[in-house]
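Novice: Pasting a structure below so you can have a look.
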Amino acid sequence: MPTRLNLDLWYARMAPMDKVYDHKKIEDKIYGRWEEKGYFKPEVNPDGALYSIILPPPNANAPLHFGHAMYVIEDILIRYHRMLGDAALWLPGADHAGFETQFVFEKQLQSEGKSRFDYNRETLYQMIWEFVQKNRGGMEGQLRKLGFSLDWSRMKFTLDPDIIAIVYKTFKKMYDDQLAYRAERLVNYCTFDGTSFSDLEVIYEERKDPLYYIKYGPLTLATTRPETKFGDTALAVNPDDARYKKYVGEEIEIETVLAKARIKVIADEYVDPTFGTGVVKITPAHDFNDFEVGKRHDLPMKQVIGFDGKMNEHAGKFAGLYVKQARKAVVEEMQKKDLIEKIDENYIHRIALCYKCKNVIEPLPMEQWFVKMEPLAKEAIDAVRTGKIKIHPKTFEKLYFQFLENIRDWNISRQVVWGIRIPAWMCEKCANWTVTEGPTPENCSKCKSKDLVQDSDTFDTWFSSSQWPFATLMTTDYRLQPTAVDSRRSTISDFERFYPTTVMETGYDILRWWVARMIMVGLYVTGKQPFDNVVLHGLVNDPYGKKMSKSRGNVINPMELVDQYGADAVRFALVYGNALGNDQALSYSKLEAMRKFSNKLWNIGRFIEMNKVSGIKYQVLSIEDLKKIAKHGNDKIWIEKVEKWVGQISDYIDKYQFNLAAENLYENIWHGFADFYIEDVKSRIDEDSYLILTTLYIILLKLLHPFMPFITEELYQKITGECDSIMISSWPKHD
RNA sequence: GGAUCCCUAGCUCAGUUGGUAGAGCGCUUCGUUUACACCGAAGAUGUCAGAGGUUCGAGUCCUCUGGGAUCCACCA
């Protein structure tokens, strides 16, 4: 009794083939069938070699962009290895994308006339959770549309409780090992969004601002920020600057807008004697360089700007003014007191802006959690140097080393709600921090007081992402098939089986943000590298070669192209003619060409199908079988050609040369197999030549399947009359 | 300021370890009622950014110059 599924197939097989290939009739129905049959699970090849890729988790809350479509490379690898008989795991996931998501959510609140300050922490978190759950299916459906053979039964979310538990554990371990520590550091603080940003999240803009030459007693210095003068704790000059040698180490008396004061003069290499007057005021609490200078010279920190963006009590009568207002007021006052020598109105410099709201970033001192990076970076450098991890293309190793060799400690605290809350509690009695693996501690680990307050911050999203390869595998299981000797089914963790994973494939733009951090944290927590190979693809730009971005308004939705050209054509176009790691401009003519290629492929199938109807039937044969039955010289030649192609294509995929594989498939199938072989066979077709033609075609479909999964599946089933899927058929043999 | 990548046919891009240039689209001419006009055959098109060097030989390796892109650091 055929199942409903098989009946569908049977009808499909009996239907005459359309003259023109219509992807819309084919693609949607096929994916569901694969999924239903469980073909995406590594368990389809329980005894195969282990091969695994963890999908870089897309933002759960946002639709896919073209960068995600490039994950087709992972699907090619996974489908290829699955057909080779490997137990191939491709594990999907979704990222909570901390600040990004909270920002989008707050925009929506804003449009409803509300703000995050109208809700308490728990309510806000719950609201964002529901917001994300509502949008989450969109991204997953799009991955399906692209034909990605992900094992959905192992889907993970970065905020799943079992993932969070692992993140806590890692943090606790870092704390116990004194890698995670608390320190006051200047952060890029946006007083508008009320949060700090990593250096990577700050954008810079060139602006023309006044440069004020201010008198400090006997000295004059140039500054763009006179309002921070209340926080000055020293003046600095270059140690080799003869003009100022006599002042170094002295305290000088200065007139200020508030009162007379004394300030000391120090010498530091950081000062450029050719800029301005060669004298710099040092404000450790409000400037990154000054902070460093302050640490070197043990200067006090004096914060004069608050987190609300207003001057605080140290600014005397200027307290309460916003920075911009204060600057104006201070300058006016100084002019009155004749403390300004001159103003250069045409000074051009770069200022830091919030990448979300474009407001000026204020460097402010804050207590934060940091991770000490040098020891972790050292191991990560070694892992690549010694070849334990290989980066493809190799040229990206330079970027990797450059980043790790100059690494700074990692600030992992974020002042957002949408994320994993840091499991650290401060004692209100003794100010000691108690860190746990999640649960609220009973009392302070030092003074045993019960007055504990949890840090309100959450982890930087990249902190949880850096643990993704092992965290996902530790929380999923591999189902072992019953064997002859042991009929019971059993499970072991995916971690035991698949870690380290085989390949991490992602865009080169997040090599340092993510890949390097995964290597460091993976090595630290598990003692093993998280993956053996890093494969990096380039960016997909708009048709004019410009980076797609919302602000430019040139973002193209990959799903629209899938509708228009078919997922197979989009997939093929993304790898064809684009060497790994290079950027590409989206090309409509290429997409069109690849759509025509799928039509060509379809019509080869149609030709074969029409000859089957005339009475000749397909049977499963190997290349060796074909060699035995081949009598005609041309048949023999084409059998050998196809055999050679199998080796070539396999080789290209093994070397991550997907473009060459795709180009060769295109060229060989169209301008070899179709233009010459079919034209030749056409006039002399008999049972043997039909078998040879058909078998070679099936082999070509298999070679093409990792690239164009849908159409090859449809044709495979039509031609062979099999209900089995091409995706679990075996890769053709070659030397 | 530091770094990386790119500059190859009109356009978008390939070109494996150095052996006198390739694809797609476009262009020209011709052909085809039966696998496909979303087709086939034939053809034109390049001082491989520029200059120097290494080599018997360089698009490919080295140096410099010019142009573009990206990343990092950010100078009061």
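So you can find residues: chains in the structure tokens are A, B, ... in the order shown, residues in each start at 1, and ligands are numbered from 1 in order.
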What are the residues of chain B that have an atom within 9 Å of an atom of chain A, counting only C-alpha atoms (C1' of nucleotides), as a PyMOL selection string?
Specialist: chain B and resi 3-6+12-14+23-25+35-36+38+40+69-72+74-76
Novice: Need to verify the contact set: A:Ile649, 8 Å, only C-alpha atoms (C1' of nucleotides), exclusion of same-chain residues closer than 3 positions in sequence. Can you return it as a PyMOL selection string?
Specialist: chain A and resi 645-646+652-653+661+664-665+703
Novice: I want to know what sits within 10 Å of A:Leu700, based on only C-alpha atoms (C1' of nucleotides), with residues of the same chain fewer than 5 positions away left out; could you give that as a list in words?
Specialist: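 Within the cut-off, the hits are Leu601, Val642, Glu643, Trp645, Val646, Leu665, Asn668, Ile669, Phe673, Thr694, Thr695, His705, Thr712 and Pro732 of chain A.
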Novice: Quick one: distance from atom CA of A:Pro530 to atom CA of A:His68 in Å, one decimal?
Specialist: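 For atom CA of A:Pro530 relative to atom CA of A:His68, the distance reads 21.1 Å.
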Novice: Take atom CA of A:Ile78 and atom CA of A:Ser149 and report the distance between them in Å, one decimal.
Specialist: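 So the two atoms, atom CA of A:Ile78 and atom CA of A:Ser149, lie 7.7 Å apart.
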Novice: Can you pull out every residue within 12 Å of B:G66, counting only C-alpha atoms (C1' of nucleotides), but drop anything in the same chain fewer than 4 positions away, and send it as a count of residues only?
Specialist: 4
Novice: Can you pull out the residues contacting stretch 448-464 of chain A? Cut-off 7 Å, using only C-alpha atoms (C1' of nucleotides), and skip same-chain residues under 2 positions away; I want them as a PyMOL selection string.
Specialist: chain A and resi 97-98+167+412-417+419-422+424-429+442-446+466-468+514
Novice: Would you mind listing what lies within 8 Å of A:Asn411 as a ChimeraX atom specification, with only C-alpha atoms (C1' of nucleotides) counted and same-chain residues fewer than 6 positions away left out?
Specialist: /A:198,368-371,460
Novice: Could you please take those selected residues and save N, CA and C atoms as an mmCIF file, in the first residue's frame?
Specialist:
```
data_model
loop_
_atom_site.group_PDB
_atom_site.id
_atom_site.type_symbol
_atom_site.label_atom_id
_atom_site.label_comp_id
_atom_site.auth_asym_id
_atom_site.auth_seq_id
_atom_site.Cartn_x
_atom_site.Cartn_y
_atom_site.Cartn_z
ATOM 1 N N SER A 198 30.721 48.678 22.245
ATOM 2 C CA SER A 198 32.089 48.240 21.991
ATOM 3 C C SER A 198 32.702 49.183 20.960
ATOM 4 N N GLN A 368 32.891 47.719 34.821
ATOM 5 C CA GLN A 368 32.456 46.743 33.812
ATOM 6 C C GLN A 368 33.150 45.415 34.067
ATOM 7 N N TRP A 369 32.566 44.372 33.465
ATOM 8 C CA TRP A 369 33.263 43.091 33.452
ATOM 9 C C TRP A 369 34.147 43.010 32.214
ATOM 10 N N PHE A 370 35.354 42.564 32.429
ATOM 11 C CA PHE A 370 36.306 42.415 31.328
ATOM 12 C C PHE A 370 36.848 41.001 31.307
ATOM 13 N N VAL A 371 37.246 40.582 30.125
ATOM 14 C CA VAL A 371 37.947 39.302 30.022
ATOM 15 C C VAL A 371 39.368 39.586 29.571
ATOM 16 N N ASP A 460 27.587 40.819 26.535
ATOM 17 C CA ASP A 460 27.732 41.142 25.121
ATOM 18 C C ASP A 460 27.282 39.905 24.324
#
```
Novice: So that I can check the surroundings of A:Glu437, please list as number ranges by chain every protein, DNA and RNA residue that reaches within 9 Å of it, counting only C-alpha atoms (C1' of nucleotides) and ignoring chain neighbours fewer than 2 positions away.
Specialist: A: 165-173, 423, 435, 439-440
Novice: Could you save those same residues with N, CA and C atoms as a JSON list (two decimals), in the first residue's frame?
Specialist:
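What landed in result.json:
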```
[["chain", "number", "residue", "atom", "x", "y", "z"],
["A", 165, "ALA", "N", 22.81, 28.20, 30.60],
["A", 165, "ALA", "CA", 23.51, 27.50, 31.70],
["A", 165, "ALA", "C", 24.99, 27.34, 31.35],
["A", 166, "ILE", "N", 25.27, 27.06, 30.09],
["A", 166, "ILE", "CA", 26.67, 26.88, 29.69],
["A", 166, "ILE", "C", 27.41, 28.21, 29.69],
["A", 167, "VAL", "N", 26.72, 29.25, 29.27],
["A", 167, "VAL", "CA", 27.34, 30.59, 29.26],
["A", 167, "VAL", "C", 27.69, 31.01, 30.69],
["A", 168, "TYR", "N", 26.77, 30.73, 31.62],
["A", 168, "TYR", "CA", 27.04, 31.03, 33.03],
["A", 168, "TYR", "C", 28.29, 30.29, 33.51],
["A", 169, "LYS", "N", 28.33, 29.04, 33.15],
["A", 169, "LYS", "CA", 29.42, 28.18, 33.59],
["A", 169, "LYS", "C", 30.77, 28.70, 33.09],
["A", 170, "THR", "N", 30.77, 29.12, 31.83],
["A", 170, "THR", "CA", 31.99, 29.66, 31.25],
["A", 170, "THR", "C", 32.44, 30.92, 32.00],
["A", 171, "PHE", "N", 31.48, 31.76, 32.30],
["A", 171, "PHE", "CA", 31.81, 33.00, 32.99],
["A", 171, "PHE", "C", 32.36, 32.71, 34.38],
["A", 172, "LYS", "N", 31.73, 31.76, 35.06],
["A", 172, "LYS", "CA", 32.20, 31.38, 36.40],
["A", 172, "LYS", "C", 33.62, 30.86, 36.34],
["A", 173, "LYS", "N", 33.87, 30.03, 35.34],
["A", 173, "LYS", "CA", 35.23, 29.48, 35.18],
["A", 173, "LYS", "C", 36.23, 30.61, 34.93],
["A", 423, "PRO", "N", 25.60, 36.62, 35.87],
["A", 423, "PRO", "CA", 25.34, 35.97, 37.16],
["A", 423, "PRO", "C", 26.34, 36.42, 38.23],
["A", 435, "VAL", "N", 30.07, 35.40, 42.26],
["A", 435, "VAL", "CA", 29.70, 34.90, 40.93],
["A", 435, "VAL", "C", 29.27, 33.44, 41.06],
["A", 439, "PRO", "N", 22.38, 30.26, 39.77],
["A", 439, "PRO", "CA", 21.47, 30.48, 40.88],
["A", 439, "PRO", "C", 21.86, 31.68, 41.76],
["A", 440, "THR", "N", 20.86, 32.32, 42.32],
["A", 440, "THR", "CA", 21.12, 33.43, 43.23],
["A", 440, "THR", "C", 21.83, 32.90, 44.47]]
```
Novice: Once DSSP has gone over the backbone, tell me which residues of stretch 91-332 of chain A are in alpha helix (DSSP H), as a PyMOL selection string.
Specialist: chain A and resi 98-111+121-145+161-176+288-297+323-332
Novice: Pick the closest to A:Asn432 from A:Arg182, A:Lys612, A:Arg136, A:Lys628: which is it, counting only C-alpha atoms?
Specialist: A:Arg182
